[in-house]
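Here is the structure we will look at.
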Amino acid sequence: MRARLRLDGGWPRRWSGSWLIGEGLVAWPIRDMAAVPFGSAKPVRRFTWRARQGHRPGLLFMVSTGRHHGFESLEEMRLLLALDFLLVVDVLAQPFQLDFEYTAGRGRHIPDFLAVLPGGGLWLFDVRPEDRIEESDALKFAAAAETASVCGWRYSVVSGWRPHVWSGVDHLSSQRRSLQDRLGLEAELLAAARQGPTAFGHLVAATRLPVVARAHAIHLLWHRRLGMDLGTPLTDASLVWAAADARACE
């Protein structure tokens, strides 16, 4: 699809991105868009709920940002939860309207999310199940990829998940909010984990209150104080280990 885009000399000046700043749209040439005041921008397109619609929108609270964020489908909700697991600094839905050129004329596209990573980098996302990506979608995604490259951002089309990754993140998210540790079980879990990789069931059994410690262990996995392989389901036989910086987090 990249071959169908007009990427001849000067295209970053001709392509533009329109952002909602304050109460009005402001357009920037692509070459200058990395300087947009991201924190002041609002979604350029809003969505509503109505009966018998073909998708499921909603709001998801993200612990990493401390705010609710809108999504237009279950696939987008899953991405937001994964971004929360990555501890992103901020997320903006429908961040800008991209006006681009291709061989047959001009096109428009609104990407789904723009996320600020912990290190300050930005990651642009589109979300579409692989079996629903049509030719027109692929063209828009190619244009978004070129735009992200000029701005120095990462870009991904989320078309599905590897086996067990989404279910694993979803399970860990059950304990992602603040959790009081009045019984000191987290220190016991971390001390046991520092002895080396061990089965999850054995780890919680090494504490004074294994049933209560199970929730704390999942909380530690979400917050990276314990590690595991997300490519396999979390069971009592799953290997877990202490994260390298777990001691500094205590």
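Letters A, B, ... go to the chains of the structure tokens in the order shown; residues in each chain start at 1; ligands are counted from 1 in the same order.
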Original post:
So which residues touch Pro29 in chain A within 10 Å, counting only C-alpha atoms, skipping near sequence neighbours fewer than 2 positions away, as number ranges by chain?
Top reply: A: 11-18, 27, 31-34, 98-99
Go ahead and save the residues from that selection, with C-alpha atoms, as a CSV table (one decimal), in the first residue's frame.
```
chain,number,residue,atom,x,y,z
A,11,TRP,CA,5.0,15.6,1.1
A,12,PRO,CA,5.5,16.2,4.8
A,13,ARG,CA,4.6,19.8,4.1
A,14,ARG,CA,1.5,18.9,2.0
A,15,TRP,CA,0.1,16.3,4.4
A,16,SER,CA,-1.5,17.7,7.5
A,17,GLY,CA,-2.9,16.6,10.9
A,18,SER,CA,-5.8,18.5,12.5
A,27,ALA,CA,-3.9,22.0,11.5
A,31,ARG,CA,6.8,17.8,9.4
A,32,ASP,CA,5.9,20.0,12.4
A,33,MET,CA,3.4,17.7,14.1
A,34,ALA,CA,5.9,16.4,16.7
A,98,LEU,CA,-4.8,12.9,9.1
A,99,ASP,CA,-5.2,14.4,5.6
```
Original post:
Can you list, as JSON, numbers by chain, every protein, DNA or RNA residue that comes within 12 Å of Val212 in chain A when you count only C-alpha atoms, leaving out same-chain residues fewer than 2 positions away?
Top reply: {"A": [179, 180, 181, 182, 183, 184, 185, 186, 189, 204, 205, 206, 207, 208, 209, 210, 214, 215, 216, 217, 218, 219]}
**OP:** Measuring atom to atom with only C-alpha atoms, identify which of A:Gly168, A:Gly39, A:Pro111, A:Gly9 is nearest to Ala145 in chain A.
**Re:** A:Pro111
**OP:** Rank nothing, just name the residue among A:Thr198, A:Gln97, A:Ser73, A:Thr235 nearest to Ala143 in chain A, using only C-alpha atoms.
**Re:** A:Gln97
Subject >> Residue list (strand (DSSP E), DSSP) for range 21-105 of chain A, as a ChimeraX atom specification >> reply: /A:21,24-29,41-42,58-62,67-71,90-93,97-102,105
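When the distance limit is 7 Å and only C-alpha atoms are what count, the residues near range 220-223 of chain A, minus those fewer than 4 positions from it on the same chain, are Phe85, Leu172, Ser173, Arg176, His216 and Gly227 of chain A.
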Original post:
Between CA of Arg225 in chain A and CA of Leu117 in chain A, what is the distance, to one decimal in Å?
Top reply: 19.1 Å
Original post:
Any idea what's packed within 10 Å of Ala115 in chain A, counting only C-alpha atoms, ignoring anything in its chain fewer than 6 positions away? Could you give it as an MDAnalysis selection string?
Top reply: chainID A and resid 38 80 83 88:93 95 121:125 153:154
Subject >> Nearby residues (only C-alpha atoms) at most 9 Å from Gly196 in chain A, same-chain spacing under 2 positions excluded, as a PyMOL selection string >> reply: chain A and resi 192-194+198+240-242
Identify, on the basis of only C-alpha atoms, every residue whose closest approach to Ser167 in chain A does not exceed 10 Å; exclude the query and any residue fewer than 4 positions from it along the same chain; express the result as a compact mmCIF listing (two decimals) with C-alpha atoms, in the first residue's frame.
```
# COMPACT_ATOMS: atom_id res chain seq x y z
CA ARG A 78 -8.18 -4.69 25.29
CA TRP A 161 -3.17 -11.09 20.18
CA ARG A 162 -0.73 -13.94 20.60
CA PRO A 163 -2.15 -16.96 22.45
CA HIS A 171 -6.27 -11.85 34.80
CA LEU A 172 -3.47 -9.74 36.26
CA SER A 173 -5.59 -6.60 35.93
CA LEU A 230 2.84 -14.02 29.46
CA GLY A 231 2.95 -16.52 26.61
CA THR A 232 1.52 -19.21 28.88
CA PRO A 233 -1.57 -19.23 31.14
CA LEU A 234 -1.03 -18.37 34.80
```
**OP:** Please identify all polymer residues within 12 Å of range 103-106 of chain A, counting only C-alpha atoms, omitting same-chain residues fewer than 2 positions from it, and present them as JSON, numbers by chain.
**Re:** {"A": [1, 2, 3, 4, 5, 6, 7, 8, 14, 15, 16, 98, 99, 100, 101, 108, 109, 136, 139, 140, 143]}
Subject >> Separation of CA of Val63 in chain A from CA of Pro197 in chain A, in Å and rounded to one decimal >> reply: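 So the two atoms, CA of Val63 in chain A and CA of Pro197 in chain A, lie 27.9 Å apart.
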**OP:** Mind listing the alpha helix (DSSP H) residues of range 87-214 of chain A, per DSSP on the backbone, as a PyMOL selection string?
**Re:** chain A and resi 135-151+165-172+185-193+200-205+210-214
Original post:
A:Gly120, A:Leu60, A:Asp229, A:Ser238: which is nearest Gly152 in chain A, counting only C-alpha atoms?
Top reply: A:Gly120
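Interatomic distance, CA of Phe71 in chain A to CA of Arg56 in chain A: 8.3 Å.
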Subject >> Which residue of A:Val26, A:Val165, A:Leu20, A:Ala148 approaches Ser40 in chain A most closely, using only C-alpha atoms >> reply: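 When distances to Ser40 in chain A are compared using only C-alpha atoms, the smallest one comes from A:Leu20.
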